[in-house]
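The file upload19.csv contains CSV, C-alpha atoms:
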```csv
chain,number,residue,atom,x,y,z
A,1,MET,CA,76.8,-30.8,-23.7
A,2,ALA,CA,75.1,-33.4,-21.6
A,3,SER,CA,73.8,-30.7,-19.3
A,4,ILE,CA,72.5,-28.6,-22.2
A,5,TYR,CA,70.8,-31.6,-23.8
A,6,SER,CA,69.2,-32.5,-20.5
A,7,VAL,CA,67.6,-29.0,-20.4
A,8,ILE,CA,66.4,-29.0,-24.1
A,9,VAL,CA,64.6,-32.3,-23.8
A,10,PRO,CA,62.2,-31.3,-21.1
A,11,ILE,CA,61.4,-28.1,-22.9
A,12,SER,CA,60.5,-30.0,-26.1
A,13,LEU,CA,58.3,-32.3,-24.2
A,14,ILE,CA,56.5,-29.4,-22.6
A,15,PHE,CA,55.8,-27.9,-26.1
A,16,LYS,CA,54.4,-31.3,-27.2
A,17,ILE,CA,52.2,-31.5,-24.1
A,18,ILE,CA,50.9,-28.0,-24.7
A,19,PHE,CA,50.2,-28.8,-28.4
A,20,ILE,CA,48.3,-32.0,-27.5
A,21,TYR,CA,46.4,-30.3,-24.7
A,22,LYS,CA,45.2,-27.6,-27.1
A,23,ILE,CA,44.0,-30.2,-29.5
A,24,GLU,CA,42.1,-32.0,-26.7
A,25,ILE,CA,40.5,-28.7,-25.5
A,26,ASN,CA,39.4,-27.8,-29.0
A,27,TRP,CA,37.9,-31.2,-29.6
A,28,TYR,CA,36.1,-31.1,-26.3
A,29,ASN,CA,34.7,-27.6,-27.0
A,30,GLU,CA,33.5,-28.7,-30.5
A,31,TYR,CA,31.9,-31.9,-28.9
A,32,THR,CA,30.2,-29.9,-26.2
A,33,ASN,CA,28.8,-27.3,-28.6
A,34,ALA,CA,27.5,-30.1,-30.8
A,35,LYS,CA,25.8,-31.7,-27.9
A,36,LEU,CA,24.2,-28.4,-26.8
A,37,GLU,CA,22.9,-27.8,-30.3
A,38,LYS,CA,21.3,-31.2,-30.3
A,39,CYS,CA,19.5,-30.5,-27.0
A,40,MET,CA,16.8,-28.5,-28.8
A,41,ASN,CA,16.3,-31.2,-31.4
A,42,TYR,CA,14.4,-33.6,-29.0
A,43,TYR,CA,10.8,-34.5,-29.6
A,44,ILE,CA,8.2,-36.5,-27.7
A,45,ASN,CA,8.5,-40.3,-28.1
A,46,PRO,CA,5.3,-41.3,-29.9
A,47,SER,CA,5.2,-44.6,-27.9
A,48,VAL,CA,4.6,-42.7,-24.6
A,49,LEU,CA,1.6,-41.0,-26.0
A,50,THR,CA,-0.4,-44.2,-26.0
A,51,SER,CA,-1.3,-43.3,-22.4
A,52,ALA,CA,-1.9,-39.7,-21.7
A,53,PHE,CA,-4.1,-37.2,-19.8
A,54,THR,CA,-5.4,-33.7,-20.6
A,55,VAL,CA,-3.8,-30.5,-19.4
A,56,PRO,CA,-5.9,-27.4,-20.0
A,57,THR,CA,-4.2,-25.0,-22.4
A,58,VAL,CA,-4.9,-22.1,-20.0
A,59,VAL,CA,-2.3,-23.6,-17.7
A,60,THR,CA,0.5,-23.3,-20.1
A,61,ASP,CA,-0.7,-20.2,-22.0
A,62,GLN,CA,-1.4,-18.0,-18.9
A,63,TYR,CA,0.0,-19.4,-15.7
A,64,LEU,CA,3.1,-21.5,-16.6
A,65,LYS,CA,5.4,-18.4,-16.3
A,66,PHE,CA,4.1,-17.5,-12.8
A,67,ALA,CA,3.3,-20.8,-11.2
A,68,LYS,CA,5.9,-22.4,-8.9
A,69,ALA,CA,7.3,-25.8,-9.5
A,70,GLU,CA,5.3,-27.1,-6.6
A,71,HIS,CA,2.1,-25.7,-8.1
A,72,ILE,CA,2.7,-27.5,-11.4
A,73,LYS,CA,3.5,-30.8,-9.6
A,74,VAL,CA,0.3,-30.7,-7.6
A,75,LEU,CA,-1.9,-29.8,-10.6
A,76,LEU,CA,-0.4,-32.5,-12.8
A,77,PHE,CA,-1.0,-35.1,-10.1
A,78,ILE,CA,-4.6,-33.9,-9.7
A,79,LEU,CA,-5.2,-34.0,-13.5
A,80,ARG,CA,-3.7,-37.5,-13.7
A,81,ASN,CA,-6.0,-38.8,-10.9
A,82,MET,CA,-9.0,-36.4,-11.4
A,83,PHE,CA,-11.5,-39.3,-11.2
A,84,GLU,CA,-10.3,-40.6,-7.9
A,85,GLU,CA,-10.5,-39.5,-4.3
A,86,ILE,CA,-7.3,-37.6,-3.6
A,87,SER,CA,-6.0,-36.5,-0.2
A,88,VAL,CA,-3.2,-34.0,0.6
A,89,GLU,CA,-1.3,-36.9,2.2
A,90,ARG,CA,-1.4,-38.9,-1.0
A,91,ILE,CA,-0.3,-35.9,-3.1
A,92,SER,CA,2.6,-35.3,-0.8
A,93,GLU,CA,3.7,-38.9,-0.8
A,94,SER,CA,3.6,-39.1,-4.6
A,95,THR,CA,5.1,-35.7,-5.5
A,96,GLY,CA,7.5,-35.0,-2.6
A,97,VAL,CA,5.8,-31.6,-2.0
A,98,SER,CA,5.1,-30.6,1.6
A,99,GLU,CA,1.5,-30.5,2.8
A,100,TYR,CA,1.8,-26.7,3.4
A,101,ASP,CA,3.0,-26.1,-0.2
A,102,ILE,CA,0.2,-28.4,-1.4
A,103,ASN,CA,-2.4,-26.3,0.3
A,104,GLU,CA,-0.9,-23.2,-1.1
A,105,ALA,CA,-0.9,-24.8,-4.6
A,106,LEU,CA,-4.6,-25.7,-4.2
A,107,LEU,CA,-5.4,-22.1,-3.2
A,108,TYR,CA,-3.4,-20.8,-6.2
A,109,TRP,CA,-5.2,-22.9,-8.8
A,110,ALA,CA,-8.5,-22.2,-7.1
A,111,ASP,CA,-7.8,-18.4,-7.5
A,112,THR,CA,-7.0,-18.9,-11.2
A,113,GLY,CA,-10.3,-20.8,-11.7
A,114,VAL,CA,-8.5,-23.9,-12.8
A,115,LEU,CA,-9.7,-25.7,-9.7
A,116,LEU,CA,-13.1,-25.2,-8.1
A,117,PRO,CA,-14.4,-26.2,-4.7
A,118,LYS,CA,-16.7,-29.2,-4.9
A,119,GLY,CA,-19.7,-27.2,-3.7
A,120,GLU,CA,-19.4,-25.1,-6.8
A,121,ALA,CA,-19.7,-27.9,-9.3
A,122,ALA,CA,-23.2,-27.0,-10.3
A,123,LYS,CA,-22.2,-23.3,-10.7
A,124,ALA,CA,-19.3,-24.4,-12.9
A,125,GLU,CA,-21.6,-26.5,-15.1
A,126,LYS,CA,-23.9,-23.5,-15.5
A,127,ALA,CA,-20.9,-21.2,-16.4
A,128,GLU,CA,-19.7,-23.8,-18.9
A,129,ARG,CA,-23.1,-24.0,-20.6
A,130,ARG,CA,-23.2,-20.2,-20.7
A,131,ALA,CA,-19.7,-20.0,-22.2
A,132,THR,CA,-20.5,-22.5,-24.9
A,133,GLU,CA,-23.7,-20.7,-25.9
A,134,LYS,CA,-23.4,-18.8,-29.1
A,135,ILE,CA,-23.8,-15.1,-28.5
A,136,GLU,CA,-25.6,-13.5,-31.5
A,137,LYS,CA,-24.3,-10.0,-31.7
A,138,PRO,CA,-25.8,-7.6,-34.2
A,139,THR,CA,-24.4,-7.4,-37.7
A,140,ARG,CA,-23.1,-4.3,-39.4
A,141,LEU,CA,-26.5,-3.8,-41.0
A,142,ASP,CA,-28.2,-4.3,-37.6
A,143,VAL,CA,-26.0,-1.6,-36.1
A,144,ALA,CA,-26.8,0.8,-38.8
A,145,ARG,CA,-30.5,0.1,-38.5
A,146,ARG,CA,-30.5,0.5,-34.7
A,147,GLY,CA,-28.5,3.7,-35.0
A,148,ASN,CA,-31.2,5.2,-37.2
A,149,GLU,CA,-33.9,4.0,-34.9
A,150,ASP,CA,-32.5,5.0,-31.5
A,151,GLU,CA,-30.9,8.3,-30.8
A,152,LYS,CA,-29.2,6.9,-27.7
A,153,ILE,CA,-27.4,4.3,-29.8
A,154,ARG,CA,-26.1,7.0,-32.2
A,155,TYR,CA,-24.9,9.0,-29.2
A,156,LEU,CA,-23.2,5.9,-27.7
A,157,LEU,CA,-21.3,5.2,-30.8
A,158,GLN,CA,-20.3,8.8,-31.4
A,159,GLU,CA,-19.2,9.4,-27.9
A,160,THR,CA,-17.2,6.2,-27.7
A,161,GLN,CA,-15.5,7.1,-31.0
A,162,ILE,CA,-14.6,10.5,-29.6
A,163,LYS,CA,-13.3,9.1,-26.3
A,164,LEU,CA,-11.1,6.4,-28.0
A,165,GLY,CA,-9.9,9.0,-30.5
A,166,ARG,CA,-10.4,6.8,-33.6
A,167,ASN,CA,-13.0,5.2,-35.8
A,168,LEU,CA,-14.7,2.2,-34.3
A,169,LYS,CA,-14.3,-1.3,-35.8
A,170,THR,CA,-17.2,-3.4,-36.8
A,171,ASN,CA,-16.8,-5.8,-33.8
A,172,GLU,CA,-16.7,-2.8,-31.5
A,173,THR,CA,-19.9,-1.2,-32.7
A,174,SER,CA,-21.6,-4.6,-32.7
A,175,THR,CA,-20.5,-5.2,-29.0
A,176,LEU,CA,-21.7,-1.7,-27.9
A,177,VAL,CA,-25.1,-2.1,-29.4
A,178,TRP,CA,-25.3,-5.7,-28.0
A,179,LEU,CA,-24.6,-4.4,-24.5
A,180,TYR,CA,-27.3,-1.8,-24.8
A,181,ASP,CA,-30.0,-3.9,-26.6
A,182,ASP,CA,-29.4,-7.4,-25.3
A,183,GLU,CA,-27.6,-7.0,-21.9
A,184,GLY,CA,-29.8,-4.0,-21.0
A,185,LEU,CA,-27.0,-1.7,-19.8
A,186,ASP,CA,-27.8,1.9,-20.1
A,187,VAL,CA,-25.8,4.1,-22.5
A,188,SER,CA,-24.6,6.3,-19.6
A,189,LEU,CA,-23.1,3.3,-17.8
A,190,ILE,CA,-21.4,2.0,-20.9
A,191,LEU,CA,-19.8,5.3,-21.5
A,192,MET,CA,-18.6,5.4,-17.9
A,193,ILE,CA,-16.8,2.1,-18.5
A,194,VAL,CA,-15.3,3.5,-21.8
A,195,GLN,CA,-14.0,6.6,-20.0
A,196,TYR,CA,-12.5,4.5,-17.2
A,197,ALA,CA,-10.9,2.2,-19.8
A,198,VAL,CA,-9.3,5.2,-21.6
A,199,ALA,CA,-8.1,6.8,-18.4
A,200,HIS,CA,-6.5,3.5,-17.2
A,201,ASN,CA,-4.8,2.5,-20.5
A,202,LYS,CA,-7.3,-0.3,-21.1
A,203,ALA,CA,-9.1,1.1,-24.1
A,204,ASN,CA,-10.0,-2.2,-25.8
A,205,ILE,CA,-13.4,-3.7,-26.4
A,206,ARG,CA,-12.6,-6.9,-24.5
A,207,PHE,CA,-12.1,-5.0,-21.2
A,208,ILE,CA,-15.2,-2.8,-21.9
A,209,GLU,CA,-17.3,-5.9,-22.7
A,210,SER,CA,-16.1,-8.0,-19.7
A,211,THR,CA,-16.6,-5.1,-17.3
A,212,ALA,CA,-20.1,-4.3,-18.6
A,213,VAL,CA,-21.2,-7.9,-18.4
A,214,ASP,CA,-19.8,-8.1,-14.8
A,215,TRP,CA,-21.9,-5.0,-14.0
A,216,VAL,CA,-25.0,-6.6,-15.4
A,217,ASN,CA,-24.4,-9.8,-13.3
A,218,LYS,CA,-23.8,-7.6,-10.2
A,219,GLY,CA,-27.0,-5.6,-10.8
A,220,ILE,CA,-25.2,-2.3,-11.2
A,221,ASN,CA,-27.8,-0.2,-12.9
A,222,SER,CA,-27.4,3.3,-11.6
A,223,ILE,CA,-24.9,6.1,-11.7
A,224,ALA,CA,-24.3,5.9,-7.9
A,225,LEU,CA,-23.6,2.1,-8.0
A,226,ALA,CA,-21.4,2.5,-11.1
A,227,ASP,CA,-19.4,5.3,-9.6
A,228,GLU,CA,-18.8,3.3,-6.4
A,229,GLU,CA,-17.7,0.3,-8.5
A,230,LEU,CA,-15.3,2.4,-10.6
A,231,ARG,CA,-13.8,3.8,-7.3
A,232,LYS,CA,-13.3,0.2,-6.1
A,233,MET,CA,-11.7,-0.8,-9.4
A,234,SER,CA,-9.3,2.1,-9.3
A,235,LEU,CA,-8.3,1.6,-5.7
A,236,GLY,CA,-7.8,-2.1,-6.4
A,237,GLU,CA,-5.4,-1.3,-9.2
A,238,GLN,CA,-3.5,1.1,-7.0
A,239,ALA,CA,-3.3,-1.4,-4.2
A,240,TRP,CA,-2.0,-4.2,-6.4
A,241,LYS,CA,0.7,-1.9,-7.8
A,242,ILE,CA,1.9,-1.2,-4.2
A,243,VAL,CA,1.8,-5.0,-3.4
A,244,CYS,CA,3.8,-5.8,-6.6
A,245,SER,CA,6.4,-3.1,-5.7
A,246,ALA,CA,6.7,-4.4,-2.1
A,247,PHE,CA,7.0,-8.1,-3.0
A,248,GLY,CA,9.1,-7.6,-6.0
A,249,LEU,CA,6.5,-9.1,-8.3
A,250,GLU,CA,6.1,-8.5,-12.0
A,251,ASN,CA,3.3,-6.1,-12.6
A,252,ARG,CA,1.0,-8.8,-14.0
A,253,LYS,CA,-2.7,-9.2,-13.9
A,254,PRO,CA,-3.6,-10.4,-10.4
A,255,SER,CA,-5.9,-13.3,-9.6
A,256,LYS,CA,-9.3,-12.6,-7.9
A,257,LYS,CA,-7.9,-13.6,-4.5
A,258,GLU,CA,-4.8,-11.4,-4.9
A,259,THR,CA,-6.9,-8.4,-5.9
A,260,GLU,CA,-9.1,-8.9,-2.8
A,261,LEU,CA,-6.1,-9.3,-0.5
A,262,SER,CA,-4.4,-6.2,-1.9
A,263,SER,CA,-7.5,-4.1,-1.4
A,264,LEU,CA,-7.9,-5.5,2.1
A,265,TRP,CA,-4.3,-4.7,3.1
A,266,ILE,CA,-4.0,-1.2,1.6
A,267,ASP,CA,-7.6,0.2,1.6
A,268,GLU,CA,-9.1,-1.4,4.7
A,269,TRP,CA,-6.2,-2.3,7.0
A,270,LYS,CA,-4.2,0.8,5.9
A,271,LEU,CA,-0.9,-1.0,5.7
A,272,SER,CA,2.0,0.9,4.2
A,273,LYS,CA,4.4,-0.4,1.6
A,274,GLU,CA,7.0,-0.6,4.4
A,275,ASP,CA,4.7,-2.9,6.3
A,276,LEU,CA,4.4,-5.2,3.3
A,277,VAL,CA,8.2,-5.2,2.7
A,278,GLU,CA,8.6,-6.2,6.3
A,279,ALA,CA,6.1,-9.1,5.9
A,280,TYR,CA,7.9,-10.1,2.7
A,281,GLU,CA,11.3,-10.3,4.5
A,282,GLU,CA,9.8,-12.2,7.4
A,283,CYS,CA,8.4,-14.8,4.9
A,284,VAL,CA,11.8,-15.2,3.1
A,285,ASN,CA,13.7,-15.4,6.3
A,286,SER,CA,11.4,-18.1,7.5
A,287,LYS,CA,10.9,-20.2,4.3
A,288,SER,CA,14.0,-19.2,2.3
A,289,LYS,CA,11.7,-18.2,-0.5
A,290,PHE,CA,8.7,-16.0,-1.2
A,291,SER,CA,5.2,-17.4,-0.7
A,292,PHE,CA,2.2,-15.1,-1.3
A,293,ALA,CA,0.0,-17.3,0.8
A,294,TYR,CA,2.5,-17.5,3.7
A,295,THR,CA,3.0,-13.7,3.6
A,296,ALA,CA,-0.8,-13.2,3.6
A,297,LYS,CA,-0.9,-15.3,6.8
A,298,ILE,CA,1.8,-13.2,8.4
A,299,ILE,CA,-0.1,-10.0,7.6
A,300,GLU,CA,-3.3,-11.5,8.9
A,301,ASN,CA,-1.6,-12.3,12.2
A,302,TRP,CA,-0.2,-8.8,12.4
A,303,HIS,CA,-3.6,-7.4,11.9
A,304,LYS,CA,-5.0,-9.4,14.7
A,305,GLU,CA,-2.2,-8.0,16.9
A,306,GLY,CA,-3.1,-4.4,15.8
A,307,LYS,CA,0.1,-3.8,13.8
A,308,GLY,CA,-1.7,-1.9,11.0
A,309,GLU,CA,-2.9,0.8,13.4
A,310,LYS,CA,0.3,2.9,12.8
A,311,SER,CA,-0.7,3.5,9.2
A,312,LYS,CA,-4.2,4.9,9.9
A,313,GLU,CA,-3.2,8.3,8.6
A,314,LYS,CA,-3.7,7.0,5.1
A,315,ALA,CA,-7.4,6.7,5.8
A,316,ASN,CA,-10.1,8.6,3.8
A,317,LYS,CA,-8.0,8.8,0.6
A,318,LYS,CA,-10.3,8.3,-2.3
A,319,ALA,CA,-9.9,8.1,-6.1
A,320,ASP,CA,-10.9,11.1,-8.2
A,321,PHE,CA,-13.5,10.3,-10.8
A,322,ALA,CA,-14.0,13.9,-12.2
A,323,ALA,CA,-13.1,12.5,-15.7
A,324,TYR,CA,-16.8,12.2,-16.5
A,325,ASP,CA,-19.8,14.4,-15.9
A,326,LEU,CA,-22.1,12.7,-13.4
A,327,ASP,CA,-24.9,15.2,-13.9
A,328,LEU,CA,-24.9,14.4,-17.6
A,329,PHE,CA,-25.0,10.7,-17.1
A,330,GLU,CA,-27.7,11.0,-14.5
A,331,LYS,CA,-29.9,12.9,-17.0
A,332,MET,CA,-29.3,10.3,-19.7
A,333,LEU,CA,-30.2,7.5,-17.3
A,334,ASN,CA,-33.4,9.1,-16.3
A,335,SER,CA,-34.4,10.3,-19.8
A,336,LYS,CA,-37.3,8.6,-21.5
A,337,GLU,CA,-37.8,7.8,-25.1
```
Spell out the structure here as structure tokens.
Amino acid sequence: MASIYSVIVPISLIFKIIFIYKIEINWYNEYTNAKLEKCMNYYINPSVLTSAFTVPTVVTDQYLKFAKAEHIKVLLFILRNMFEEISVERISESTGVSEYDINEALLYWADTGVLLPKGEAAKAEKAERRATEKIEKPTRLDVARRGNEDEKIRYLLQETQIKLGRNLKTNETSTLVWLYDDEGLDVSLILMIVQYAVAHNKANIRFIESTAVDWVNKGINSIALADEELRKMSLGEQAWKIVCSAFGLENRKPSKKETELSSLWIDEWKLSKEDLVEAYEECVNSKSKFSFAYTAKIIENWHKEGKGEKSKEKANKKADFAAYDLDLFEKMLNSKE
């Protein structure tokens, strides 16, 4: 009996231990879940807001998803000390970011337009004044009146409606008339932009307006110049898609610098996607992470060494712009009232 009793006692103890262990585990899980639920219930301590600095909303609304942690660190430091003389060394000492990554961050924020070179301060002030000026676009009654007065405006509105495949909204008709009357862009050129927008899945008035205003600023006032600009735009889009695919990037809207580099690599230097993938891998192997600026430097060095020559067979490929009638636009442009 003693031997049986000695066996039963350890088993009962084991069951007790298991029971207590289950209770402990359940309590810990409930406690952990409760803590996790409370994590989202935090709010900013009002007392820390007595001393604050401004962060442009464009940083969080447009670039927070794509910017690296080093980029954010550098920008926050600059914004905090924007009225002081700041050196790369000081930023590095205060943020723990390497000087190389700081320079890359500065280029990144310059490409987005958040930072500007000091020499462009006057240009930035001019742009700011222009951005704050109220643009008086024609009202619905103005559009109707101008449509009755000018056959070209009637044609512009009718053709745009046909190309978009729907009725135009008030703000759209207003913008189109404004581009013709106030910005001085010919109907034929506006319709070329509309056709391009439809063909490239960008059939919205914001794209049409921004492109048209850009053409006015660039002095694009003829069919030949417009055709060349559209060709560059199309090639630029194709080049960026190749770069995104090679670098594993999300197919987002590129910065001005990224657009320029993509066109340079694909259209001028004739690099293949395989070349770009090789540059990407060399960058990752060297820095243990991808850096657009570092990869660009690798490609630049390759070009100096003549590496891109092997892809020359891609030369002379041009985009096809048969989607619009150049003869028709030429006649419209040269027609007189």
Given the point (-26.5, 3.8, -27.8) in the coordinates of this file, which residues lie within 10 Å, counting all atoms listed in the file, and how would they look as an mmCIF file with C-alpha atoms, in the coordinates of the input?
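That gives us point.cif:
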```
data_model
loop_
_atom_site.group_PDB
_atom_site.id
_atom_site.type_symbol
_atom_site.label_atom_id
_atom_site.label_comp_id
_atom_site.auth_asym_id
_atom_site.auth_seq_id
_atom_site.Cartn_x
_atom_site.Cartn_y
_atom_site.Cartn_z
ATOM 1 C CA VAL A 143 -26.000 -1.600 -36.100
ATOM 2 C CA ARG A 146 -30.500 0.500 -34.700
ATOM 3 C CA GLY A 147 -28.500 3.700 -35.000
ATOM 4 C CA ASP A 150 -32.500 5.000 -31.500
ATOM 5 C CA GLU A 151 -30.900 8.300 -30.800
ATOM 6 C CA LYS A 152 -29.200 6.900 -27.700
ATOM 7 C CA ILE A 153 -27.400 4.300 -29.800
ATOM 8 C CA ARG A 154 -26.100 7.000 -32.200
ATOM 9 C CA TYR A 155 -24.900 9.000 -29.200
ATOM 10 C CA LEU A 156 -23.200 5.900 -27.700
ATOM 11 C CA LEU A 157 -21.300 5.200 -30.800
ATOM 12 C CA GLN A 158 -20.300 8.800 -31.400
ATOM 13 C CA GLU A 159 -19.200 9.400 -27.900
ATOM 14 C CA THR A 160 -17.200 6.200 -27.700
ATOM 15 C CA THR A 173 -19.900 -1.200 -32.700
ATOM 16 C CA LEU A 176 -21.700 -1.700 -27.900
ATOM 17 C CA VAL A 177 -25.100 -2.100 -29.400
ATOM 18 C CA TRP A 178 -25.300 -5.700 -28.000
ATOM 19 C CA LEU A 179 -24.600 -4.400 -24.500
ATOM 20 C CA TYR A 180 -27.300 -1.800 -24.800
ATOM 21 C CA ASP A 181 -30.000 -3.900 -26.600
ATOM 22 C CA LEU A 185 -27.000 -1.700 -19.800
ATOM 23 C CA ASP A 186 -27.800 1.900 -20.100
ATOM 24 C CA VAL A 187 -25.800 4.100 -22.500
ATOM 25 C CA SER A 188 -24.600 6.300 -19.600
ATOM 26 C CA ILE A 190 -21.400 2.000 -20.900
ATOM 27 C CA LEU A 191 -19.800 5.300 -21.500
#
```
>> Taking (-18.7, 1.5, -18.5) in the coordinates of the supplied file, I want to know which residues reach to within 10 Å of it, counting all atoms listed in the file; could you give the answer as a count of residues only?
In response: 24
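Atom pair atom CA of A:Ala296 / atom CA of A:Leu261 has a distance of 7.8 Å (rounded to one decimal).
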>> What's around stretch 65-69 of chain A at 10 Å? Count all atoms listed in the file, leave out sequence neighbours fewer than 3 positions away in its own chain, and write the answer as a PyMOL selection string.
In response: chain A and resi 59-62+72-74+97+101+105+108-109+249-250+252+291
Same residues, C-alpha atoms, output as a tab-separated table (two decimals), in the coordinates of the input:
```tsv
chain	number	residue	atom	x	y	z
A	59	VAL	CA	-2.30	-23.60	-17.70
A	60	THR	CA	0.50	-23.30	-20.10
A	61	ASP	CA	-0.70	-20.20	-22.00
A	62	GLN	CA	-1.40	-18.00	-18.90
A	72	ILE	CA	2.70	-27.50	-11.40
A	73	LYS	CA	3.50	-30.80	-9.60
A	74	VAL	CA	0.30	-30.70	-7.60
A	97	VAL	CA	5.80	-31.60	-2.00
A	101	ASP	CA	3.00	-26.10	-0.20
A	105	ALA	CA	-0.90	-24.80	-4.60
A	108	TYR	CA	-3.40	-20.80	-6.20
A	109	TRP	CA	-5.20	-22.90	-8.80
A	249	LEU	CA	6.50	-9.10	-8.30
A	250	GLU	CA	6.10	-8.50	-12.00
A	252	ARG	CA	1.00	-8.80	-14.00
A	291	SER	CA	5.20	-17.40	-0.70
```
>> For a quick check of understanding, using only C-alpha atoms, which of A:Ser222, A:Ser245, A:Gln238, A:Thr170 has the smallest distance to A:Arg140?
In response: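 Result for the nearest residue to A:Arg140: A:Thr170.
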